[in-house]
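Next comes run20.txt, with compact mmCIF, C-alpha atoms and all ligand atoms.
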# COMPACT_ATOMS: atom_id res chain seq x y z
CA MET A 1044 6.98 -20.17 9.82
CA ILE A 1045 5.39 -21.50 6.65
CA LEU A 1046 3.17 -18.74 5.30
CA GLY A 1047 1.16 -20.85 2.87
CA LEU A 1048 1.43 -18.32 0.05
CA GLU A 1049 2.67 -20.85 -2.52
CA GLY A 1050 0.53 -20.54 -5.69
CA LYS A 1051 -1.64 -17.71 -4.35
CA ILE A 1052 -2.52 -14.89 -6.75
CA ALA A 1053 -1.69 -11.44 -5.42
CA LEU A 1054 -2.64 -8.12 -6.98
CA VAL A 1055 -0.25 -5.47 -5.72
CA ALA A 1056 -1.23 -1.94 -6.72
CA ALA A 1057 1.30 0.82 -7.42
CA ALA A 1058 4.24 -1.54 -7.37
CA SER A 1059 6.90 -0.22 -9.74
CA ARG A 1060 8.98 1.10 -6.81
CA GLY A 1061 8.99 1.81 -3.10
CA LEU A 1062 6.71 -0.03 -0.70
CA GLY A 1063 4.58 -1.64 -3.43
CA ARG A 1064 7.63 -3.10 -5.14
CA ALA A 1065 9.03 -4.44 -1.88
CA VAL A 1066 5.69 -6.11 -1.11
CA ALA A 1067 5.58 -7.66 -4.58
CA GLU A 1068 9.12 -9.03 -4.16
CA GLU A 1069 8.35 -10.48 -0.75
CA LEU A 1070 5.13 -12.20 -1.88
CA ALA A 1071 6.86 -13.64 -4.95
CA ARG A 1072 9.70 -15.02 -2.77
CA GLU A 1073 6.97 -16.77 -0.74
CA GLY A 1074 5.66 -18.43 -3.91
CA ALA A 1075 2.79 -16.14 -4.94
CA HIS A 1076 2.13 -15.14 -8.55
CA LEU A 1077 1.57 -11.46 -9.18
CA VAL A 1078 -0.40 -8.83 -11.01
CA LEU A 1079 1.31 -5.46 -10.64
CA CYS A 1080 0.33 -2.02 -11.81
CA ALA A 1081 1.74 1.50 -11.91
CA ARG A 1082 1.46 4.47 -14.25
CA GLY A 1083 4.92 4.42 -15.84
CA ALA A 1084 5.49 1.53 -18.25
CA ASP A 1085 9.30 1.41 -18.17
CA ALA A 1086 9.80 1.24 -14.40
CA LEU A 1087 6.96 -1.27 -14.07
CA ARG A 1088 8.39 -3.53 -16.79
CA GLU A 1089 11.82 -3.42 -15.14
CA THR A 1090 10.33 -4.32 -11.75
CA ALA A 1091 8.27 -7.19 -13.16
CA GLU A 1092 11.26 -8.58 -15.05
CA SER A 1093 13.52 -8.39 -12.03
CA ILE A 1094 10.98 -10.26 -9.87
CA ARG A 1095 10.53 -12.96 -12.54
CA MET A 1096 14.30 -13.42 -12.80
CA GLU A 1097 14.80 -13.59 -9.04
CA THR A 1098 11.86 -15.78 -8.06
CA GLY A 1099 10.50 -17.53 -11.16
CA ALA A 1100 7.03 -16.22 -10.31
CA THR A 1101 4.53 -15.40 -13.04
CA VAL A 1102 4.28 -11.61 -12.99
CA ILE A 1103 1.75 -9.72 -15.07
CA ASP A 1104 2.43 -5.99 -15.34
CA VAL A 1105 -0.38 -3.65 -16.29
CA VAL A 1106 0.06 0.07 -16.89
CA ALA A 1107 -2.85 1.70 -15.07
CA ASP A 1108 -3.66 4.94 -13.30
CA LEU A 1109 -5.50 4.00 -10.12
CA SER A 1110 -7.13 7.40 -9.84
CA GLU A 1111 -9.21 6.55 -12.94
CA PRO A 1112 -12.02 3.96 -13.07
CA ALA A 1113 -10.61 2.73 -16.41
CA GLY A 1114 -7.25 2.02 -14.75
CA ILE A 1115 -8.84 -0.04 -12.01
CA ALA A 1116 -10.91 -1.95 -14.55
CA ARG A 1117 -7.82 -2.66 -16.68
CA VAL A 1118 -5.74 -4.14 -13.88
CA THR A 1119 -8.50 -6.24 -12.32
CA GLN A 1120 -9.76 -7.56 -15.68
CA ARG A 1121 -6.22 -8.55 -16.62
CA ALA A 1122 -5.86 -10.42 -13.33
CA PHE A 1123 -9.06 -12.38 -13.97
CA GLU A 1124 -8.07 -13.12 -17.60
CA GLU A 1125 -4.64 -14.42 -16.62
CA PHE A 1126 -5.39 -16.24 -13.38
CA GLY A 1127 -9.18 -16.38 -12.98
CA ARG A 1128 -8.95 -15.06 -9.43
CA VAL A 1129 -7.26 -12.77 -6.93
CA ASP A 1130 -6.54 -14.25 -3.49
CA VAL A 1131 -4.60 -11.37 -2.02
CA LEU A 1132 -5.25 -7.69 -2.73
CA VAL A 1133 -2.71 -5.11 -1.62
CA THR A 1134 -4.06 -1.61 -2.18
CA ASN A 1135 -1.52 1.16 -2.59
CA ALA A 1136 -1.01 4.33 -4.63
CA GLY A 1137 1.28 7.32 -4.68
CA GLY A 1138 0.84 9.61 -1.69
CA PRO A 1139 -1.07 12.89 -2.07
CA PRO A 1140 0.93 16.12 -2.22
CA ALA A 1141 2.27 17.73 0.96
CA GLY A 1142 1.22 21.21 2.08
CA PRO A 1143 -1.10 22.97 4.50
CA PHE A 1144 -4.87 23.36 4.04
CA GLU A 1145 -4.71 26.56 2.00
CA ALA A 1146 -2.25 25.07 -0.49
CA HIS A 1147 -4.76 22.63 -1.98
CA SER A 1148 -7.62 23.44 -4.34
CA ALA A 1149 -10.88 21.49 -4.50
CA GLU A 1150 -9.49 19.63 -7.53
CA VAL A 1151 -6.41 18.50 -5.62
CA TRP A 1152 -8.64 17.19 -2.82
CA GLU A 1153 -10.76 15.35 -5.33
CA THR A 1154 -7.74 13.72 -6.95
CA ALA A 1155 -6.43 12.61 -3.54
CA VAL A 1156 -9.80 11.09 -2.70
CA ARG A 1157 -9.93 9.25 -6.04
CA GLN A 1158 -6.32 8.04 -5.84
CA ASN A 1159 -6.12 7.08 -2.17
CA LEU A 1160 -9.71 6.23 -1.14
CA VAL A 1161 -11.87 5.44 -4.18
CA SER A 1162 -9.12 3.20 -5.62
CA VAL A 1163 -9.21 1.11 -2.43
CA VAL A 1164 -13.00 0.82 -2.60
CA GLU A 1165 -13.09 -0.06 -6.29
CA LEU A 1166 -10.23 -2.57 -6.24
CA THR A 1167 -12.01 -4.23 -3.34
CA ARG A 1168 -15.34 -4.20 -5.19
CA ALA A 1169 -13.72 -6.05 -8.10
CA VAL A 1170 -12.04 -8.84 -6.12
CA LEU A 1171 -14.49 -9.40 -3.27
CA PRO A 1172 -17.15 -11.52 -5.05
CA GLY A 1173 -14.56 -14.19 -5.98
CA MET A 1174 -13.06 -14.19 -2.49
CA LYS A 1175 -16.53 -14.69 -0.97
CA GLU A 1176 -17.27 -17.51 -3.39
CA ARG A 1177 -14.02 -19.30 -2.49
CA ARG A 1178 -14.38 -18.36 1.18
CA TRP A 1179 -10.81 -17.14 1.40
CA GLY A 1180 -9.23 -13.75 0.87
CA ARG A 1181 -6.78 -11.21 2.19
CA ILE A 1182 -7.17 -7.47 1.69
CA ILE A 1183 -4.31 -5.33 2.94
CA ASN A 1184 -4.30 -1.56 2.58
CA VAL A 1185 -1.15 0.53 2.72
CA THR A 1186 -2.15 3.54 4.83
CA SER A 1187 0.17 5.57 7.07
CA ILE A 1188 1.20 6.33 10.63
CA ALA A 1189 -0.78 9.53 9.98
CA VAL A 1190 -3.91 7.55 10.88
CA LYS A 1191 -2.80 7.30 14.51
CA GLN A 1192 -0.92 10.56 14.74
CA PRO A 1193 -1.46 13.12 11.96
CA VAL A 1194 1.74 14.39 10.36
CA ASP A 1195 2.19 18.16 10.04
CA ASN A 1196 2.00 19.55 6.50
CA LEU A 1197 0.26 16.40 5.17
CA ILE A 1198 -3.41 17.38 5.56
CA LEU A 1199 -4.51 15.42 2.49
CA SER A 1200 -2.88 12.19 3.56
CA ASN A 1201 -4.04 12.63 7.18
CA SER A 1202 -7.65 13.01 6.03
CA VAL A 1203 -7.91 10.40 3.32
CA ARG A 1204 -6.08 7.59 5.20
CA ALA A 1205 -8.56 8.00 8.05
CA ALA A 1206 -11.38 7.39 5.57
CA VAL A 1207 -9.69 4.22 4.29
CA THR A 1208 -9.35 3.03 7.87
CA GLY A 1209 -13.08 3.52 8.52
CA PHE A 1210 -13.89 1.67 5.31
CA ALA A 1211 -11.59 -1.24 6.13
CA ARG A 1212 -12.72 -1.61 9.71
CA THR A 1213 -16.37 -1.79 8.63
CA LEU A 1214 -15.72 -4.13 5.73
CA ALA A 1215 -13.69 -6.45 7.97
CA ASN A 1216 -16.82 -7.22 10.02
CA GLU A 1217 -18.98 -7.74 6.93
CA VAL A 1218 -16.66 -10.24 5.26
CA ALA A 1219 -15.18 -12.09 8.25
CA PRO A 1220 -17.80 -14.89 7.97
CA PHE A 1221 -16.41 -15.63 4.49
CA GLY A 1222 -12.84 -16.25 5.67
CA ILE A 1223 -11.69 -12.89 4.34
CA THR A 1224 -9.51 -10.62 6.44
CA VAL A 1225 -9.11 -6.87 5.91
CA ASN A 1226 -6.17 -5.08 7.54
CA ASN A 1227 -4.15 -1.91 7.15
CA VAL A 1228 -0.41 -1.58 7.48
CA MET A 1229 0.80 1.88 8.51
CA PRO A 1230 4.28 2.68 7.25
CA GLY A 1231 6.38 5.12 9.21
CA TYR A 1232 9.23 7.00 7.56
CA THR A 1233 10.57 4.42 5.13
CA ARG A 1234 13.41 4.90 2.68
CA THR A 1235 11.61 5.40 -0.67
CA GLN A 1236 11.36 8.06 -3.36
CA ARG A 1237 8.25 9.44 -1.64
CA VAL A 1238 10.20 10.18 1.54
CA GLU A 1239 13.07 11.65 -0.46
CA ASP A 1240 10.57 13.97 -2.21
CA LEU A 1241 9.05 14.96 1.15
CA ALA A 1242 12.51 15.76 2.54
CA GLN A 1243 13.19 18.02 -0.49
CA LYS A 1244 9.81 19.71 -0.17
CA ASN A 1245 10.14 20.34 3.58
CA ALA A 1246 13.68 21.61 3.09
CA SER A 1247 12.65 24.20 0.52
CA LEU A 1248 9.67 25.22 2.69
CA ARG A 1249 11.82 25.72 5.77
CA GLY A 1250 15.08 26.83 4.21
CA THR A 1251 16.94 23.75 5.45
CA THR A 1252 18.48 20.79 3.61
CA PRO A 1253 16.99 17.36 2.80
CA ALA A 1254 19.69 15.77 4.97
CA SER A 1255 18.69 17.86 7.99
CA GLU A 1256 15.00 17.00 7.39
CA ARG A 1257 15.88 13.29 7.36
CA ALA A 1258 17.93 13.75 10.51
CA ALA A 1259 14.96 15.46 12.21
CA TRP A 1260 12.74 12.46 11.37
CA GLU A 1261 15.37 10.05 12.64
CA GLY A 1262 15.38 12.02 15.87
CA GLN A 1263 11.66 11.28 16.32
CA ILE A 1264 12.06 7.54 15.71
CA PRO A 1265 13.07 5.42 18.72
CA MET A 1266 15.06 3.14 16.43
CA GLY A 1267 16.98 6.19 15.24
CA ARG A 1268 16.74 5.39 11.54
CA LEU A 1269 14.30 5.28 8.63
CA GLY A 1270 12.66 1.97 7.83
CA GLU A 1271 13.61 -0.16 4.85
CA PRO A 1272 10.88 -1.16 2.37
CA ASN A 1273 11.55 -4.87 2.98
CA GLU A 1274 10.82 -4.41 6.71
CA PHE A 1275 7.41 -3.08 5.74
CA ALA A 1276 6.87 -5.86 3.19
CA ALA A 1277 7.48 -8.58 5.78
CA MET A 1278 4.43 -7.42 7.76
CA VAL A 1279 2.28 -7.35 4.63
CA ALA A 1280 3.40 -10.88 3.71
CA PHE A 1281 2.43 -12.14 7.14
CA LEU A 1282 -1.03 -10.54 6.94
CA ALA A 1283 -1.45 -12.04 3.45
CA SER A 1284 -0.61 -15.49 4.73
CA GLU A 1285 -2.59 -18.48 5.84
CA ARG A 1286 -1.11 -17.96 9.32
CA ALA A 1287 -2.82 -14.55 9.79
CA SER A 1288 -6.29 -16.12 9.65
CA TYR A 1289 -7.51 -14.60 12.95
CA THR A 1290 -6.26 -11.04 12.49
CA THR A 1291 -8.76 -8.70 10.89
CA GLY A 1292 -9.85 -5.07 11.13
CA ALA A 1293 -6.43 -4.12 12.47
CA SER A 1294 -4.10 -1.24 11.64
CA ILE A 1295 -0.53 -2.30 12.29
CA PRO A 1296 2.37 0.16 12.36
CA VAL A 1297 5.79 -0.58 10.90
CA ASP A 1298 7.39 2.60 12.14
CA GLY A 1299 10.40 1.92 14.35
CA GLY A 1300 8.32 3.06 17.34
CA TRP A 1301 7.35 6.51 15.93
CA ILE A 1302 3.71 6.37 17.13
CA ARG A 1303 3.81 7.22 20.83
CA GLY A 1304 0.27 6.00 21.72
CA LEU A 1305 -0.36 2.93 23.87
CA LEU A 1306 -2.70 1.25 21.36
P1 LIG B 1401 6.71 5.97 -3.96
O1 LIG B 1401 6.42 7.34 -4.45
O2 LIG B 1401 8.14 5.62 -3.75
O3 LIG B 1401 6.06 4.87 -4.92
C1 LIG B 1401 4.75 5.02 -5.34
C2 LIG B 1401 4.37 3.98 -6.38
O4 LIG B 1401 3.02 4.22 -6.74
C3 LIG B 1401 5.15 4.03 -7.66
O5 LIG B 1401 5.28 2.71 -8.14
C4 LIG B 1401 4.23 4.83 -8.60
O6 LIG B 1401 4.47 4.53 -9.96
C5 LIG B 1401 2.89 4.34 -8.16
N1 LIG B 1401 1.78 5.25 -8.37
C6 LIG B 1401 1.67 6.52 -7.92
N2 LIG B 1401 0.47 7.02 -8.25
C7 LIG B 1401 -0.19 6.06 -8.94
C8 LIG B 1401 -1.47 5.98 -9.56
N3 LIG B 1401 -2.31 7.02 -9.57
N4 LIG B 1401 -1.81 4.85 -10.19
C9 LIG B 1401 -0.95 3.80 -10.21
N5 LIG B 1401 0.24 3.80 -9.64
C10 LIG B 1401 0.64 4.92 -9.01
O7 LIG B 1401 5.87 5.86 -2.62
P2 LIG B 1401 6.04 4.87 -1.36
O8 LIG B 1401 6.96 5.49 -0.38
O9 LIG B 1401 6.29 3.50 -1.84
O10 LIG B 1401 4.60 5.00 -0.70
C11 LIG B 1401 3.50 4.18 -1.04
C12 LIG B 1401 2.31 4.72 -0.25
O11 LIG B 1401 2.60 4.67 1.15
C13 LIG B 1401 1.99 6.18 -0.57
O12 LIG B 1401 0.61 6.38 -0.58
C14 LIG B 1401 2.65 6.92 0.58
O13 LIG B 1401 2.05 8.17 0.83
C15 LIG B 1401 2.41 5.95 1.73
N6 LIG B 1401 3.34 6.16 2.82
C16 LIG B 1401 4.66 6.07 2.62
C17 LIG B 1401 5.54 6.30 3.67
C18 LIG B 1401 7.02 6.22 3.48
O14 LIG B 1401 7.74 6.59 4.39
N7 LIG B 1401 7.53 5.76 2.37
C19 LIG B 1401 5.03 6.63 4.94
C20 LIG B 1401 3.66 6.71 5.12
C21 LIG B 1401 2.82 6.47 4.04
Kindly transcribe the structure held in the file into structure tokens.
Amino acid sequence: MILGLEGKIALVAAASRGLGRAVAEELAREGAHLVLCARGADALRETAESIRMETGATVIDVVADLSEPAGIARVTQRAFEEFGRVDVLVTNAGGPPAGPFEAHSAEVWETAVRQNLVSVVELTRAVLPGMKERRWGRIINVTSIAVKQPVDNLILSNSVRAAVTGFARTLANEVAPFGITVNNVMPGYTRTQRVEDLAQKNASLRGTTPASERAAWEGQIPMGRLGEPNEFAAMVAFLASERASYTTGASIPVDGGWIRGLL
């Protein structure tokens, strides 16, 4: 399948490692040029350099904290300065901390909302006018399987991803007449630092080991293993493509079958 991503400009948020990095690599292999951001300069620079070397893509790396308005402004302005447009927006950020309701203060809730909901809204606000003008755009939000089936001990993620899903589903209808699609991809347990951290956290909470926590997750997954970031990235690349022109407002799992629901 020819995806038609050659020469497209993609802004991939939170892309120094994990799912964001895998998405950036996949889009660059398909011929897109990239604007990437993350908070840590060193890891981001290494990621950008590795993608340039592998693919020859133009990759702009911008150090930015997506939970701050200034960070969002920095990365989007840089994209417009360098390329004059953003065709594909992939929203992503670090996941909020694990823990039950009583573990999180009002401030922690507010940070999660800024990092995982407001960042999606504000990145979208910045790129949407140009997409409407050109009558073409792809907005893809990294959410979570938690949207379909809340995950125990992740009350912040369970709550905030649902809000992103409501935002995206509504926006999809508003912008469909302009040739812009808005979709969410819901990762299941995928082998990244985030999942390693969750395994450590659950292990210390329950007095087990990270290995036994990973094994318990694998036991819940019909495919019997964690996902790989590139398996997630392939779905994002398809939704970003020319070929996904009639898919919008959807939330698509990449979870090895973890969600048990029919729809
Ligand atoms: P990760 O921790 O491995 O990587 C997160 C990336 O985000 C890093 O590049 C980090 O530098 C960047 N980042 C974090 N906070 C940021 C901020 N405020 N501003 C800018 N950059 C920031 O995580 P991951 O596994 O790649 O997960 C990505 C998203 O997907 C998270 O929101 C996570 O909760 C969600 N998710 C992941 C899984 C999984 O199994 N990996 C499952 C469901 C949902």
* Asked: So how many Å separate CA of Ala1242 (chain A) and CA of Ser1255 (chain A), to one decimal?
  -> 8.5 Å
* Please identify every polymer residue within 6 Å of ligand LIG 1401 (chain B), using all atoms listed in the file, and present the set as a VMD selection string. => chain A and resid 1057 to 1063 1081 to 1083 1107 to 1110 1135 to 1138 1158 1185 to 1187 1230 to 1238
* Give the answer as one residue: which of A:Val1194, A:Ala1100, A:Ala1116, A:Val1164 has the shortest atom-to-atom distance to Val1207 (chain A), using all atoms listed in the file? =>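 Counting all atoms listed in the file, the residue closest to Val1207 (chain A) is A:Val1164.
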* Between CA of Arg1064 (chain A) and CA of Ala1091 (chain A) - distance in Å to one decimal ->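 Pair CA of Ala1091 (chain A) / CA of Arg1064 (chain A) returns 9.0 Å.
Within the 10 Å cut-off around Ala1211 (chain A), using all atoms listed in the file and omitting residues fewer than 4 positions from it on the same chain, the listed residues are Val1163, Val1164, Thr1167, Ile1182, Ile1183, Asn1184, Ala1205, Ala1206, Val1207, Ala1215, Asn1216, Glu1217, Thr1224, Val1225, Asn1226, Asn1227, Thr1291, Gly1292, Ala1293 and Ser1294 of chain A.
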Applying 10 Å and all atoms listed in the file, which residues near Arg1257 (chain A) remain after dropping the ones on its own chain fewer than 4 positions away? List them as an mmCIF file with C-alpha atoms, in the coordinates of the input.
data_model
loop_
_atom_site.group_PDB
_atom_site.id
_atom_site.type_symbol
_atom_site.label_atom_id
_atom_site.label_comp_id
_atom_site.auth_asym_id
_atom_site.auth_seq_id
_atom_site.Cartn_x
_atom_site.Cartn_y
_atom_site.Cartn_z
ATOM 1 C CA TYR A 1232 9.230 7.000 7.560
ATOM 2 C CA ARG A 1234 13.410 4.900 2.680
ATOM 3 C CA VAL A 1238 10.200 10.180 1.540
ATOM 4 C CA GLU A 1239 13.070 11.650 -0.460
ATOM 5 C CA LEU A 1241 9.050 14.960 1.150
ATOM 6 C CA ALA A 1242 12.510 15.760 2.540
ATOM 7 C CA GLN A 1243 13.190 18.020 -0.490
ATOM 8 C CA ASN A 1245 10.140 20.340 3.580
ATOM 9 C CA ALA A 1246 13.680 21.610 3.090
ATOM 10 C CA THR A 1252 18.480 20.790 3.610
ATOM 11 C CA PRO A 1253 16.990 17.360 2.800
ATOM 12 C CA GLU A 1261 15.370 10.050 12.640
ATOM 13 C CA GLY A 1262 15.380 12.020 15.870
ATOM 14 C CA ARG A 1268 16.740 5.390 11.540
ATOM 15 C CA LEU A 1269 14.300 5.280 8.630
#
All residues 12 Å or closer to Gly1127 (chain A), all atoms listed in the file, same chain fewer than 3 positions away omitted, as an mmCIF file with C-alpha atoms, in the frame of the given file:
data_model
loop_
_atom_site.group_PDB
_atom_site.id
_atom_site.type_symbol
_atom_site.label_atom_id
_atom_site.label_comp_id
_atom_site.auth_asym_id
_atom_site.auth_seq_id
_atom_site.Cartn_x
_atom_site.Cartn_y
_atom_site.Cartn_z
ATOM 1 C CA LYS A 1051 -1.640 -17.710 -4.350
ATOM 2 C CA ILE A 1052 -2.520 -14.890 -6.750
ATOM 3 C CA ALA A 1053 -1.690 -11.440 -5.420
ATOM 4 C CA VAL A 1078 -0.400 -8.830 -11.010
ATOM 5 C CA THR A 1119 -8.500 -6.240 -12.320
ATOM 6 C CA GLN A 1120 -9.760 -7.560 -15.680
ATOM 7 C CA ARG A 1121 -6.220 -8.550 -16.620
ATOM 8 C CA ALA A 1122 -5.860 -10.420 -13.330
ATOM 9 C CA PHE A 1123 -9.060 -12.380 -13.970
ATOM 10 C CA GLU A 1124 -8.070 -13.120 -17.600
ATOM 11 C CA ASP A 1130 -6.540 -14.250 -3.490
ATOM 12 C CA VAL A 1170 -12.040 -8.840 -6.120
ATOM 13 C CA GLY A 1173 -14.560 -14.190 -5.980
ATOM 14 C CA MET A 1174 -13.060 -14.190 -2.490
ATOM 15 C CA ARG A 1177 -14.020 -19.300 -2.490
#
* Selection: 8 Å around Glu1073 (chain A), only C-alpha atoms, excl. self and same-chain fewer than 3 positions, as a list in words ->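 Counting only C-alpha atoms, the residues come to Leu1046, Gly1047, Leu1048, Glu1049, Glu1069 and Leu1070 of chain A.
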* Give the answer as one residue: which of A:Ser1284, A:Ser1200, A:Thr1251, A:Thr1090 has the shortest atom-to-atom distance to Trp1179 (chain A), using only C-alpha atoms? => A:Ser1284
* Excluding same-chain residues fewer than 6 positions from Val1106 (chain A), what lies within 9 Å of it counting only C-alpha atoms, as a ChimeraX atom specification? -> /A:1079-1084,1087,1114,1117-1118
* **CA of Asp1240 (chain A) to CA of Gly1299 (chain A), distance in Å rounded to a single decimal** =>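 Spanning CA of Asp1240 (chain A) to CA of Gly1299 (chain A) is a straight-line distance of 20.5 Å.
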* Structure fact -> Of A:Ala1259, A:Ile1223, A:Ile1103, A:Leu1214, the one sitting nearest Ala1287 (chain A) when using all atoms listed in the file is A:Ile1223
* Asked: Out of A:Val1131, A:Val1297, A:Ile1198, A:Ala1189, which residue has the shortest atom-to-atom distance to His1147 (chain A) when counting all atoms listed in the file?
  ->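 Under the stated criterion, the closest residue is A:Ile1198.
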